[in-house]
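Undergrad: As input, take data_32.tsv (TSV, C-alpha atoms and all ligand atoms):
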```
chain	number	residue	atom	x	y	z
F	14	MET	CA	0.00	0.00	0.00
F	15	ILE	CA	1.36	3.42	-0.84
F	16	LEU	CA	1.01	6.68	1.05
F	17	PRO	CA	-1.42	9.34	-0.20
F	18	LYS	CA	0.03	12.66	-1.36
F	19	PHE	CA	0.67	15.28	1.35
F	20	GLU	CA	3.15	18.06	2.05
F	21	TYR	CA	5.94	16.98	4.40
F	22	LYS	CA	7.22	19.64	6.82
F	23	ARG	CA	10.07	19.27	9.29
F	24	ALA	CA	9.66	21.47	12.38
F	25	SER	CA	12.71	22.40	14.43
F	26	SER	CA	10.74	24.13	17.21
F	27	LEU	CA	7.27	23.94	18.75
F	28	ALA	CA	6.49	27.41	17.37
F	29	GLU	CA	7.41	26.30	13.86
F	30	ALA	CA	5.27	23.16	14.15
F	31	ILE	CA	2.25	25.17	15.31
F	32	GLY	CA	2.96	27.70	12.54
F	33	TYR	CA	2.73	24.91	9.94
F	34	PHE	CA	-0.49	23.65	11.55
F	35	ASN	CA	-2.01	27.12	11.17
F	36	GLN	CA	-0.61	27.53	7.65
F	37	PHE	CA	-2.51	24.39	6.56
F	38	LYS	CA	-5.64	25.61	8.38
F	39	GLY	CA	-5.67	22.58	10.66
F	40	GLN	CA	-5.56	20.06	7.80
F	41	ALA	CA	-2.30	18.66	9.15
F	42	LEU	CA	-1.15	15.84	11.41
F	43	TYR	CA	1.96	15.59	13.57
F	44	LEU	CA	4.47	12.80	13.04
F	45	ALA	CA	6.78	11.18	15.60
F	46	GLY	CA	7.97	7.60	14.88
F	47	GLY	CA	5.14	7.08	12.39
F	48	THR	CA	4.44	3.48	13.43
F	49	ASP	CA	0.79	4.25	14.20
F	50	LEU	CA	0.22	7.13	11.79
F	51	LEU	CA	1.71	5.78	8.56
F	52	PRO	CA	-0.43	2.60	8.39
F	53	LEU	CA	-3.53	4.77	8.99
F	54	LEU	CA	-2.51	7.08	6.14
F	55	LYS	CA	-1.84	4.13	3.84
F	56	GLN	CA	-5.30	2.80	4.59
F	57	ARG	CA	-6.72	6.27	3.76
F	58	LEU	CA	-8.22	6.53	7.25
F	59	PHE	CA	-6.77	10.04	7.40
F	60	GLN	CA	-5.94	12.22	4.41
F	61	PRO	CA	-4.19	15.36	5.73
F	62	ALA	CA	-2.90	18.13	3.45
F	63	ALA	CA	0.37	18.12	5.45
F	64	VAL	CA	2.33	15.94	7.85
F	65	ILE	CA	4.49	17.88	10.32
F	66	ASP	CA	7.53	15.97	11.55
F	67	LEU	CA	8.27	16.68	15.23
F	68	LYS	CA	11.45	14.56	15.43
F	69	PRO	CA	13.93	17.44	14.96
F	70	ILE	CA	12.56	19.30	18.02
F	71	GLY	CA	15.29	18.77	20.62
F	72	GLU	CA	13.23	19.50	23.73
F	73	LEU	CA	10.85	16.63	22.87
F	74	ASN	CA	13.75	14.20	23.19
F	75	ALA	CA	14.87	15.21	26.68
F	76	LEU	CA	14.62	13.12	29.84
F	77	SER	CA	15.16	14.90	33.15
F	78	ARG	CA	14.41	14.64	36.85
F	79	ASP	CA	14.16	17.01	39.77
F	80	LYS	CA	13.06	16.45	43.36
F	81	ARG	CA	9.40	15.97	42.40
F	82	TRP	CA	9.16	14.58	38.88
F	83	LEU	CA	10.64	12.38	36.21
F	84	THR	CA	9.94	14.34	33.02
F	85	ILE	CA	9.92	12.48	29.71
F	86	GLY	CA	9.92	14.27	26.37
F	87	ALA	CA	7.12	13.05	24.08
F	88	ASN	CA	9.56	11.87	21.40
F	89	VAL	CA	11.61	9.67	23.72
F	90	ALA	CA	11.64	6.19	22.18
F	91	LEU	CA	10.02	3.35	24.12
F	92	PHE	CA	13.22	1.28	23.93
F	93	ARG	CA	15.35	4.07	25.40
F	94	LEU	CA	12.85	4.61	28.20
F	95	LYS	CA	12.67	0.97	29.22
F	96	GLN	CA	16.45	0.92	29.62
F	97	GLU	CA	16.46	3.82	32.08
F	98	ASP	CA	17.53	2.62	35.56
F	99	MET	CA	15.10	5.07	37.14
F	100	VAL	CA	12.13	3.57	35.26
F	101	GLN	CA	13.12	0.05	36.27
F	102	GLU	CA	13.71	1.02	39.89
F	103	TYR	CA	10.91	3.50	40.59
F	104	PHE	CA	8.15	2.60	38.12
F	105	PRO	CA	8.00	-1.18	37.55
F	106	ALA	CA	4.48	-0.96	36.04
F	107	LEU	CA	5.84	1.31	33.31
F	108	ALA	CA	8.94	-0.85	32.81
F	109	ALA	CA	6.72	-3.92	32.37
F	110	SER	CA	4.33	-2.16	29.97
F	111	LEU	CA	7.25	-0.94	27.83
F	112	GLU	CA	8.62	-4.46	27.69
F	113	ALA	CA	5.18	-5.75	26.64
F	114	THR	CA	4.73	-3.18	23.85
F	115	SER	CA	4.92	-4.85	20.46
F	116	CYS	CA	8.53	-5.86	19.65
F	117	GLU	CA	11.96	-4.26	20.13
F	118	THR	CA	12.16	-2.99	16.54
F	119	LEU	CA	8.97	-1.04	17.03
F	120	GLN	CA	10.05	0.12	20.50
F	121	MET	CA	13.17	1.65	18.94
F	122	ARG	CA	11.09	3.67	16.46
F	123	GLY	CA	7.92	4.35	18.44
F	124	SER	CA	7.82	7.28	20.88
F	125	LEU	CA	6.04	7.52	24.22
F	126	GLY	CA	3.99	10.50	22.99
F	127	GLY	CA	2.91	8.65	19.84
F	128	ASN	CA	2.05	5.64	21.95
F	129	LEU	CA	-0.27	7.70	24.17
F	130	LEU	CA	-1.83	9.51	21.20
F	131	GLN	CA	-2.47	6.47	19.02
F	132	ASP	CA	-5.95	6.13	17.57
F	133	ALA	CA	-8.49	3.58	18.83
F	134	ARG	CA	-8.67	0.33	16.85
F	135	CYS	CA	-11.47	-1.90	15.54
F	136	LEU	CA	-11.51	-4.89	13.18
F	137	GLN	CA	-14.10	-3.03	11.09
F	138	PHE	CA	-12.04	0.18	10.94
F	139	ASN	CA	-8.37	-0.72	10.46
F	140	LYS	CA	-8.89	-1.99	6.93
F	141	SER	CA	-8.17	-0.82	3.41
F	142	LEU	CA	-10.43	1.72	1.71
F	143	GLU	CA	-11.66	-0.99	-0.68
F	144	TRP	CA	-12.63	-3.31	2.21
F	145	ARG	CA	-14.42	-0.51	4.08
F	146	THR	CA	-16.21	0.71	0.96
F	147	ALA	CA	-17.53	-2.80	0.28
F	148	ARG	CA	-18.63	-3.22	3.93
F	149	GLY	CA	-20.11	0.26	4.31
F	150	PHE	CA	-18.62	3.10	6.36
F	151	CYS	CA	-19.32	3.06	10.10
F	152	TRP	CA	-19.64	5.89	12.67
F	153	LYS	CA	-15.90	6.34	13.06
F	154	MET	CA	-15.53	6.86	9.29
F	155	GLY	CA	-18.41	9.32	9.08
F	156	GLY	CA	-20.97	6.63	8.16
F	157	PRO	CA	-24.51	6.14	9.53
F	158	ALA	CA	-24.09	3.32	12.09
F	159	CYS	CA	-21.78	1.05	14.02
F	160	ASN	CA	-20.95	-2.10	12.05
F	161	VAL	CA	-20.42	-4.16	15.20
F	162	VAL	CA	-23.29	-3.18	17.51
F	163	PRO	CA	-26.52	-2.43	15.61
F	164	ASN	CA	-28.31	0.76	16.75
F	165	ALA	CA	-25.40	1.73	19.02
F	166	LYS	CA	-25.03	5.42	19.80
F	167	ASN	CA	-21.33	5.04	20.62
F	168	CYS	CA	-18.21	3.77	18.92
F	169	PHE	CA	-16.53	0.90	20.82
F	170	ALA	CA	-13.14	1.03	19.10
F	171	ASN	CA	-10.40	-0.08	21.49
F	172	TYR	CA	-7.79	2.37	22.71
F	173	SER	CA	-4.79	0.05	22.65
F	174	SER	CA	-1.84	1.79	24.27
F	175	ASP	CA	0.08	-0.50	26.62
F	176	ASN	CA	1.79	2.39	28.36
F	177	ALA	CA	-1.22	4.60	29.10
F	178	PRO	CA	-2.61	2.25	31.81
F	179	ALA	CA	0.82	2.10	33.46
F	180	LEU	CA	1.22	5.88	33.42
F	181	LEU	CA	-2.33	6.38	34.69
F	182	SER	CA	-1.63	3.99	37.57
F	183	LEU	CA	1.41	6.19	38.34
F	184	SER	CA	-0.63	9.44	38.44
F	185	ALA	CA	1.24	10.87	35.43
F	186	GLN	CA	0.55	14.28	33.94
F	187	ALA	CA	0.78	15.58	30.36
F	188	ARG	CA	2.05	18.96	29.19
F	189	LEU	CA	0.44	20.25	26.00
F	190	VAL	CA	1.36	23.25	23.86
F	191	GLY	CA	-0.88	24.46	21.04
F	192	PRO	CA	-2.21	27.47	19.14
F	193	GLY	CA	-4.32	28.34	22.21
F	194	GLY	CA	-1.41	28.24	24.70
F	195	GLU	CA	0.00	25.76	27.15
F	196	ARG	CA	-1.62	23.51	29.77
F	197	THR	CA	-0.67	20.65	32.07
F	198	VAL	CA	-3.36	18.07	32.81
F	199	LYS	CA	-3.73	14.78	34.61
F	200	LEU	CA	-3.23	12.07	31.99
F	201	GLU	CA	-6.80	10.83	32.42
F	202	LYS	CA	-8.02	14.16	31.00
F	203	LEU	CA	-6.54	13.17	27.61
F	204	TYR	CA	-9.28	10.60	27.06
F	205	SER	CA	-12.74	11.42	25.72
F	206	ALA	CA	-14.21	7.86	26.01
F	207	ASP	CA	-15.59	8.30	22.48
F	208	GLY	CA	-14.04	5.75	20.09
F	209	ARG	CA	-14.62	8.05	17.11
F	210	LYS	CA	-12.20	10.61	18.56
F	211	PRO	CA	-10.68	9.03	21.66
F	212	LEU	CA	-8.26	11.86	22.53
F	213	ALA	CA	-9.43	15.09	24.14
F	214	LEU	CA	-6.86	17.34	22.47
F	215	GLN	CA	-7.50	20.89	21.27
F	216	PRO	CA	-6.83	21.47	17.54
F	217	GLY	CA	-3.10	21.70	16.86
F	218	GLU	CA	-2.02	20.77	20.38
F	219	ILE	CA	1.35	19.05	20.73
F	220	LEU	CA	2.07	16.72	23.63
F	221	THR	CA	5.48	17.91	24.79
F	222	GLN	CA	6.14	16.06	28.06
F	223	ILE	CA	4.83	13.37	30.34
F	224	ARG	CA	5.81	13.69	33.99
F	225	ILE	CA	5.57	11.14	36.78
F	226	PRO	CA	5.75	11.91	40.53
F	227	LEU	CA	9.18	10.80	41.66
F	228	GLU	CA	8.31	8.29	44.37
F	229	LYS	CA	9.24	4.63	44.44
F	230	THR	CA	6.35	2.32	43.64
F	231	GLY	CA	5.68	-1.38	43.46
F	232	GLY	CA	3.94	-2.47	40.31
F	233	THR	CA	3.45	-4.61	37.27
F	234	TYR	CA	1.57	-4.90	33.97
F	235	GLU	CA	-0.39	-7.90	32.70
F	236	LYS	CA	-1.42	-8.16	29.06
F	237	LEU	CA	-3.75	-10.42	27.10
F	238	ARG	CA	-2.68	-10.84	23.48
F	239	VAL	CA	-2.76	-13.52	20.84
F	240	ARG	CA	0.94	-13.57	19.88
F	241	ASP	CA	3.59	-12.86	22.50
F	242	SER	CA	6.01	-11.52	19.91
F	243	LEU	CA	4.03	-8.60	18.50
F	244	ASP	CA	0.47	-7.74	19.38
F	245	TYR	CA	-1.77	-5.01	20.69
F	246	PRO	CA	-3.37	-5.57	24.11
F	247	LEU	CA	-6.82	-7.16	24.06
F	248	VAL	CA	-6.86	-6.44	27.79
F	249	GLY	CA	-4.04	-4.71	29.68
F	250	VAL	CA	-3.94	-4.24	33.47
F	251	ALA	CA	-1.39	-2.02	35.20
F	252	VAL	CA	-0.96	-1.87	38.98
F	253	SER	CA	1.05	0.66	40.96
F	254	LEU	CA	1.38	0.53	44.72
F	255	LYS	CA	2.46	3.62	46.63
F	256	GLY	CA	2.31	3.57	50.42
F	257	GLU	CA	-1.12	2.20	51.31
F	258	VAL	CA	-2.77	3.18	48.03
F	259	THR	CA	-2.99	0.89	45.01
F	260	ARG	CA	-4.01	2.27	41.63
F	261	VAL	CA	-5.13	-0.23	39.00
F	262	CYS	CA	-5.81	0.75	35.42
F	263	VAL	CA	-7.54	-1.42	32.82
F	264	GLY	CA	-6.81	-0.72	29.16
F	265	GLY	CA	-7.34	-2.36	25.78
F	266	VAL	CA	-11.12	-2.68	26.24
F	267	GLY	CA	-13.19	0.14	24.74
F	268	PRO	CA	-12.20	3.71	23.92
F	269	ALA	CA	-10.61	4.79	27.22
F	270	PRO	CA	-8.62	3.20	30.06
F	271	ARG	CA	-10.47	2.83	33.38
F	272	LEU	CA	-8.82	3.64	36.67
F	273	TYR	CA	-9.55	2.03	40.07
F	274	GLN	CA	-8.15	2.90	43.47
F	275	LEU	CA	-7.90	0.44	46.35
F	276	GLN	CA	-7.13	1.41	49.95
F	277	LYS	CA	-6.79	-2.19	51.12
F	278	LEU	CA	-5.47	-5.34	49.45
F	279	ASP	CA	-7.25	-8.02	51.50
F	280	ASP	CA	-8.91	-10.83	49.54
F	281	VAL	CA	-12.43	-9.38	49.79
F	282	SER	CA	-11.42	-5.90	48.60
F	283	VAL	CA	-9.43	-7.27	45.66
F	284	GLN	CA	-12.21	-9.68	44.70
F	285	GLU	CA	-14.81	-6.89	44.77
F	286	ALA	CA	-12.69	-4.47	42.77
F	287	ALA	CA	-11.84	-7.12	40.16
F	288	ALA	CA	-15.51	-8.06	39.80
F	289	ARG	CA	-16.43	-4.38	39.39
F	290	ALA	CA	-13.77	-3.86	36.73
F	291	ALA	CA	-14.98	-6.91	34.79
F	292	ALA	CA	-18.60	-5.76	35.07
F	293	GLU	CA	-17.73	-2.26	33.84
F	294	ALA	CA	-15.67	-3.51	30.88
F	295	LYS	CA	-17.86	-3.58	27.77
F	296	PRO	CA	-15.96	-5.50	25.09
F	297	VAL	CA	-17.74	-6.02	21.77
F	298	LEU	CA	-16.95	-8.26	18.80
F	299	ASN	CA	-14.36	-5.98	17.24
F	300	THR	CA	-11.13	-7.86	18.02
F	301	VAL	CA	-9.95	-11.39	17.29
F	302	LEU	CA	-11.09	-12.69	20.70
F	303	PRO	CA	-14.72	-13.19	21.85
F	304	PRO	CA	-16.10	-10.40	24.10
F	305	ALA	CA	-17.16	-12.78	26.91
F	306	TYR	CA	-13.60	-14.12	27.17
F	307	ARG	CA	-12.06	-10.64	27.25
F	308	LYS	CA	-14.54	-9.53	29.91
F	309	LYS	CA	-13.67	-12.52	32.08
F	310	MET	CA	-9.95	-11.86	31.55
F	311	VAL	CA	-10.31	-8.33	32.91
F	312	GLY	CA	-11.09	-9.81	36.33
F	313	VAL	CA	-8.47	-12.55	36.01
F	314	LEU	CA	-5.64	-10.16	35.05
F	315	PHE	CA	-6.75	-7.64	37.67
F	316	LYS	CA	-6.32	-10.22	40.45
F	317	ARG	CA	-3.19	-11.75	38.90
F	318	ALA	CA	-1.46	-8.38	38.66
F	319	ILE	CA	-2.22	-7.48	42.28
F	320	LYS	CA	-1.05	-10.89	43.49
F	321	LYS	CA	2.19	-10.46	41.55
F	322	VAL	CA	2.82	-7.08	43.15
F	323	GLN	CA	2.04	-8.46	46.61
F	324	GLN	CA	4.50	-11.29	46.09
F	325	GLY	CA	7.37	-9.46	44.48
F	326	GLY	CA	6.52	-5.82	44.01
F	327	ARG	CA	8.65	-3.07	45.44
F	328	ARG	CA	7.43	-0.03	47.29
K	401	LIG	C1	2.54	-3.98	14.02
K	401	LIG	C2	2.27	-2.98	15.13
K	401	LIG	C3	2.17	-3.45	16.42
K	401	LIG	C4	1.93	-2.55	17.45
K	401	LIG	N1	1.82	-3.05	18.72
K	401	LIG	C5	1.59	-2.20	19.75
K	401	LIG	C6	1.49	-2.71	21.08
K	401	LIG	O1	1.66	-3.91	21.35
K	401	LIG	N2	1.22	-1.83	22.07
K	401	LIG	C7	1.06	-0.49	21.84
K	401	LIG	O2	0.82	0.25	22.79
K	401	LIG	N3	1.13	0.00	20.60
K	401	LIG	C8	1.41	-0.80	19.54
K	401	LIG	N4	1.51	-0.29	18.27
K	401	LIG	C9	1.17	1.13	18.05
K	401	LIG	C10	2.35	2.11	17.88
K	401	LIG	O3	3.29	1.61	17.02
K	401	LIG	C11	3.05	2.44	19.16
K	401	LIG	O4	2.08	2.82	20.08
K	401	LIG	C12	4.10	3.56	19.05
K	401	LIG	O5	4.62	3.87	20.32
K	401	LIG	C13	3.53	4.86	18.45
K	401	LIG	O6	4.54	5.85	18.50
K	401	LIG	P1	5.02	6.67	17.21
K	401	LIG	O7	6.08	7.58	17.66
K	401	LIG	O8	5.38	5.74	16.10
K	401	LIG	O9	3.68	7.45	16.87
K	401	LIG	P2	3.21	8.12	15.50
K	401	LIG	O10	2.69	7.06	14.59
K	401	LIG	O11	4.23	9.04	14.96
K	401	LIG	O12	2.00	9.00	16.07
K	401	LIG	C14	0.83	8.42	16.62
K	401	LIG	C15	-0.25	9.49	16.71
K	401	LIG	O13	0.13	10.49	17.63
K	401	LIG	C16	0.23	11.78	17.00
K	401	LIG	N5	1.41	12.38	17.63
K	401	LIG	C17	2.63	11.81	17.77
K	401	LIG	N6	3.40	12.57	18.56
K	401	LIG	C18	2.66	13.65	18.90
K	401	LIG	C19	2.90	14.78	19.75
K	401	LIG	N7	4.04	14.96	20.39
K	401	LIG	N8	1.90	15.69	19.90
K	401	LIG	C20	0.72	15.54	19.25
K	401	LIG	N9	0.44	14.49	18.45
K	401	LIG	C21	1.39	13.54	18.30
K	401	LIG	C22	0.32	11.51	15.52
K	401	LIG	O14	-0.26	12.55	14.75
K	401	LIG	C23	-0.49	10.23	15.40
K	401	LIG	O15	-1.86	10.52	15.32
K	401	LIG	C24	1.78	-1.16	17.20
K	401	LIG	C25	1.90	-0.70	15.89
K	401	LIG	C26	2.15	-1.60	14.86
K	401	LIG	C27	2.28	-1.07	13.45
K	402	LIG	S1	-16.94	0.04	17.07
K	402	LIG	FE1	-18.47	0.42	15.44
K	402	LIG	S2	-18.35	2.63	14.99
K	402	LIG	FE2	-16.50	2.05	16.14
K	402	LIG	S3	-14.96	1.63	14.58
K	402	LIG	FE3	-15.91	-0.32	15.09
K	402	LIG	S4	-17.59	-0.54	13.63
K	402	LIG	FE4	-16.93	1.58	13.58
```
Written as structure tokens, how would this file's structure read?
Ligand SMILES: Cc1cc2nc3c(=O)[nH]c(=O)nc-3n(C[C@H](O)[C@H](O)[C@H](O)COP(=O)(O)OP(=O)(O)OC[C@H]3O[C@@H](n4cnc5c(N)ncnc54)[C@H](O)[C@@H]3O)c2cc1C
Ligand code: SF4

TA:
Amino acid sequence: MILPKFEYKRASSLAEAIGYFNQFKGQALYLAGGTDLLPLLKQRLFQPAAVIDLKPIGELNALSRDKRWLTIGANVALFRLKQEDMVQEYFPALAASLEATSCETLQMRGSLGGNLLQDARCLQFNKSLEWRTARGFCWKMGGPACNVVPNAKNCFANYSSDNAPALLSLSAQARLVGPGGERTVKLEKLYSADGRKPLALQPGEILTQIRIPLEKTGGTYEKLRVRDSLDYPLVGVAVSLKGEVTRVCVGGVGPAPRLYQLQKLDDVSVQEAAARAAAEAKPVLNTVLPPAYRKKMVGVLFKRAIKKVQQGGRR
């Protein structure tokens, strides 16, 4: 499959990138590693007038720490991040989610920012134009209905970042810079819970940094996938334990990750929270695994991840 025609612009600063976005009147998309974006362009799921390459912007590649935060530039590659001693030592949930992301080749190309801002996926959506035309366009493509759940008012495409659940369990924040100015938000504010447009970004906003409170945590990440070598999560559960508080985040099911907080880790509390997470997960038949199985696995991985942290996790 070949790429559609678009103007390619290399930005060497945030101001230049936003300038290009304005120049193309918003008909432009940002590019980091391209591992999510380029397949979508090839499938004609997006047809921007311009693609603005953010890779030359030095500040997006920086990693730094102060007394309160580890700050990660949005373009930092997943592979580089997983090799950081600080990530391994302080944030085991993130280290495990990075290890579980796709394969090492992709981790070397893919950035953390691109990972968090990837589009939601559906077996009826991530297809060629010819396939989709024959099937009929669904909600997410501007069509009249969902092709998975008849009469649905929502799109159930799956937001499939492995690292978002880990970062949410770690209370991470995102810094955004765009035509309207700058803001820092809790990571959960990035998600709209609408599969058609799963990210709550303002037009032209660039994710510049992700920052994590610099406190040691215990944690892990459990992932359900078909092939261990290279696959998106069909359920992903991240757990981070800080002091007496445990944050669990369930991803890979539906358009947004779901966060749970536990004050106690006795059997009854864990059982109740896992049952609630499974009940609230609403998988539909838009991946290669049956919805009932994925729903059940939400509860199984929830309990498994907590048990793993209790047995070997670090505080
Ligand atoms: C075969 C395959 C397997 C994969 N498996 C997994 C997996 O197991 N787990 C997983 O989590 N992901 C997986 N992915 C998805 C993706 O490759 C990774 O998430 C990767 O980290 C995306 O990063 P990138 O830099 O390549 O993003 P890009 O493709 O460059 O960008 C992704 C999106 O973010 C936008 N964007 C990028 N950076 C910024 C920024 N700073 N500000 C604003 N917008 C921005 C782009 O416009 C685009 O919409 C897989 C992809 C492929 C092709
Ligand atoms: S869940 Fe329905 S509306 Fe959403 S992408 Fe799939 S078919 Fe389209």

Undergrad: Considering only C-alpha atoms, can you say which of F:Lys166, F:Arg93, F:Lys255, F:Lys80 comes closest to Leu119 of chain F?

TA: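 Looking only at the distances to Leu119 of chain F, the closest residue turns out to be F:Arg93.
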
Undergrad: Residues within 6 Å of ligand LIG 402 (chain K) (all atoms listed in the file), as a ChimeraX atom specification?

TA: /F:135,137-138,151-153,159-161,168-170,208

Undergrad: Given all atoms listed in the file as the basis, pick out the residue of F:Lys236, F:Lys295, F:Lys308, F:Arg145 nearest to ligand LIG 401 (chain K).

TA: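 Of F:Lys236, F:Lys295, F:Lys308, F:Arg145, the one nearest ligand LIG 401 (chain K), counting all atoms listed in the file, is F:Lys236.
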
Undergrad: Ranking F:Ala290, F:Ala187, F:Leu243, F:Leu200 by minimum distance to ligand LIG 401 (chain K) and counting only C-alpha atoms and all ligand atoms, which one comes first?

TA: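 Ranked by minimum distance to ligand LIG 401 (chain K), first place goes to F:Leu243.
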
Undergrad: Just want the residues within 8 Å of ligand LIG 401 (chain K), written as a PyMOL selection string, counting all atoms listed in the file.

TA: chain F and resi 42-52+67+73+87-88+90-91+113-116+119-120+122-132+173-177+189+217-221+243-246

Undergrad: Which residue, F:Ser184, F:Thr197, F:Thr230, F:Leu314, has the smallest gap to Gln274 of chain F when you use all atoms listed in the file?

TA: F:Ser184

Undergrad: So that I can check the surroundings of Met99 of chain F, please list as a short mmCIF file (atom, residue, chain, number, x, y, z; two decimals) with C-alpha atoms, keeping the file's coordinate frame every protein, DNA and RNA residue that reaches within 10 Å of it, counting only C-alpha atoms and ignoring chain neighbours fewer than 2 positions away.

TA:
```cif
data_model
loop_
_atom_site.label_atom_id
_atom_site.label_comp_id
_atom_site.auth_asym_id
_atom_site.auth_seq_id
_atom_site.Cartn_x
_atom_site.Cartn_y
_atom_site.Cartn_z
CA ARG F 78 14.41 14.64 36.85
CA LEU F 83 10.64 12.38 36.21
CA LEU F 94 12.85 4.61 28.20
CA LYS F 95 12.67 0.97 29.22
CA GLN F 96 16.45 0.92 29.62
CA GLU F 97 16.46 3.82 32.08
CA GLN F 101 13.12 0.05 36.27
CA GLU F 102 13.71 1.02 39.89
CA TYR F 103 10.91 3.50 40.59
CA PHE F 104 8.15 2.60 38.12
CA PRO F 105 8.00 -1.18 37.55
CA ALA F 108 8.94 -0.85 32.81
CA LEU F 227 9.18 10.80 41.66
CA LYS F 229 9.24 4.63 44.44
#
```

Undergrad: Any idea what's packed within 10 Å of Pro17 of chain F, counting all atoms listed in the file, ignoring anything in its chain fewer than 5 positions away? Could you give it as a short mmCIF file (atom, residue, chain, number, x, y, z; two decimals) with C-alpha atoms, keeping the file's coordinate frame?

TA:
```
data_model
loop_
_atom_site.label_atom_id
_atom_site.label_comp_id
_atom_site.auth_asym_id
_atom_site.auth_seq_id
_atom_site.Cartn_x
_atom_site.Cartn_y
_atom_site.Cartn_z
CA LEU F 51 1.71 5.78 8.56
CA LEU F 54 -2.51 7.08 6.14
CA LYS F 55 -1.84 4.13 3.84
CA GLN F 56 -5.30 2.80 4.59
CA ARG F 57 -6.72 6.27 3.76
CA PHE F 59 -6.77 10.04 7.40
CA GLN F 60 -5.94 12.22 4.41
CA PRO F 61 -4.19 15.36 5.73
CA ALA F 62 -2.90 18.13 3.45
#
```

Undergrad: For the atom pair atom CA of Leu212 of chain F and atom CA of Val190 of chain F, what is the interatomic distance in Å to one decimal place?

TA: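 Separation of atom CA of Leu212 of chain F and atom CA of Val190 of chain F: 15.0 Å.
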
Undergrad: Would you work out the distance separating atom CA of Ala206 of chain F from atom CA of Gln284 of chain F, expressed in Å to one decimal?

TA: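 Separation between atom CA of Ala206 of chain F and atom CA of Gln284 of chain F: 25.7 Å.
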
Undergrad: Counting all atoms listed in the file, what is within 6 Å of Val263 of chain F, bar same-chain residues fewer than 6 positions away, as a short mmCIF file (atom, residue, chain, number, x, y, z; two decimals) with C-alpha atoms, in the coordinates of the input?

TA:
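New file out-v7.cif:
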```
data_model
loop_
_atom_site.label_atom_id
_atom_site.label_comp_id
_atom_site.auth_asym_id
_atom_site.auth_seq_id
_atom_site.Cartn_x
_atom_site.Cartn_y
_atom_site.Cartn_z
CA GLY F 249 -4.04 -4.71 29.68
CA VAL F 250 -3.94 -4.24 33.47
CA PRO F 270 -8.62 3.20 30.06
CA ARG F 271 -10.47 2.83 33.38
#
```

Undergrad: With a distance cut-off of 8 Å and only C-alpha atoms, select the neighbouring residues of Pro211 of chain F, excluding the residue or stretch itself and same-chain residues fewer than 3 positions from it, and output the selection as a ChimeraX atom specification.

TA: /F:132-133,172,204-208,268-269

Undergrad: Rounded to one decimal in Å, what is the spacing between atom CA of Leu180 of chain F and atom CA of Glu72 of chain F?

TA: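 So the answer is 20.6 Å.
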
Undergrad: From the list F:Ala185, F:Val261, F:Val248, F:Val198, which residue is nearest Thr84 of chain F when using all atoms listed in the file?

TA: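 Checking each candidate against Thr84 of chain F, we get F:Ala185 as the closest.
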
Undergrad: Give the answer as one residue: which of F:Leu58, F:Lys309, F:Ser182, F:Val64 has the shortest atom-to-atom distance to Ser141 of chain F, using all atoms listed in the file?

TA: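 Checking each candidate against Ser141 of chain F, we get F:Leu58 as the closest.
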
Undergrad: So which residues touch Gln323 of chain F within 10 Å, counting all atoms listed in the file, skipping near sequence neighbours fewer than 3 positions away, as number ranges by chain?

TA: F: 231-232, 254, 278, 317-320, 326-327

Undergrad: Any chance you could model N, CA and C atoms for segment 213-222 of chain F and send them as a PDB file, in the coordinates of the input?

TA:
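Below you can see out15.pdb, which holds the result:
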```pdb
ATOM      1  N   ALA F 213      -8.834  13.771  23.871  1.00  0.00           N
ATOM      2  CA  ALA F 213      -9.430  15.090  24.140  1.00  0.00           C
ATOM      3  C   ALA F 213      -8.371  16.180  23.974  1.00  0.00           C
ATOM      4  N   LEU F 214      -7.852  16.309  22.754  1.00  0.00           N
ATOM      5  CA  LEU F 214      -6.860  17.340  22.470  1.00  0.00           C
ATOM      6  C   LEU F 214      -7.541  18.514  21.783  1.00  0.00           C
ATOM      7  N   GLN F 215      -7.028  19.725  22.021  1.00  0.00           N
ATOM      8  CA  GLN F 215      -7.500  20.890  21.270  1.00  0.00           C
ATOM      9  C   GLN F 215      -6.824  20.867  19.892  1.00  0.00           C
ATOM     10  N   PRO F 216      -7.448  21.492  18.865  1.00  0.00           N
ATOM     11  CA  PRO F 216      -6.830  21.470  17.540  1.00  0.00           C
ATOM     12  C   PRO F 216      -5.392  22.001  17.585  1.00  0.00           C
ATOM     13  N   GLY F 217      -4.493  21.254  16.981  1.00  0.00           N
ATOM     14  CA  GLY F 217      -3.100  21.700  16.860  1.00  0.00           C
ATOM     15  C   GLY F 217      -2.248  21.515  18.106  1.00  0.00           C
ATOM     16  N   GLU F 218      -2.817  20.940  19.158  1.00  0.00           N
ATOM     17  CA  GLU F 218      -2.020  20.770  20.380  1.00  0.00           C
ATOM     18  C   GLU F 218      -0.944  19.706  20.201  1.00  0.00           C
ATOM     19  N   ILE F 219       0.232  19.998  20.754  1.00  0.00           N
ATOM     20  CA  ILE F 219       1.350  19.050  20.730  1.00  0.00           C
ATOM     21  C   ILE F 219       1.586  18.584  22.160  1.00  0.00           C
ATOM     22  N   LEU F 220       1.675  17.264  22.325  1.00  0.00           N
ATOM     23  CA  LEU F 220       2.070  16.720  23.630  1.00  0.00           C
ATOM     24  C   LEU F 220       3.582  16.902  23.718  1.00  0.00           C
ATOM     25  N   THR F 221       4.032  17.633  24.718  1.00  0.00           N
ATOM     26  CA  THR F 221       5.480  17.910  24.790  1.00  0.00           C
ATOM     27  C   THR F 221       6.160  17.026  25.836  1.00  0.00           C
ATOM     28  N   GLN F 222       5.504  16.827  26.982  1.00  0.00           N
ATOM     29  CA  GLN F 222       6.140  16.060  28.060  1.00  0.00           C
ATOM     30  C   GLN F 222       5.124  15.246  28.832  1.00  0.00           C
TER      31      GLN F 222
END
```
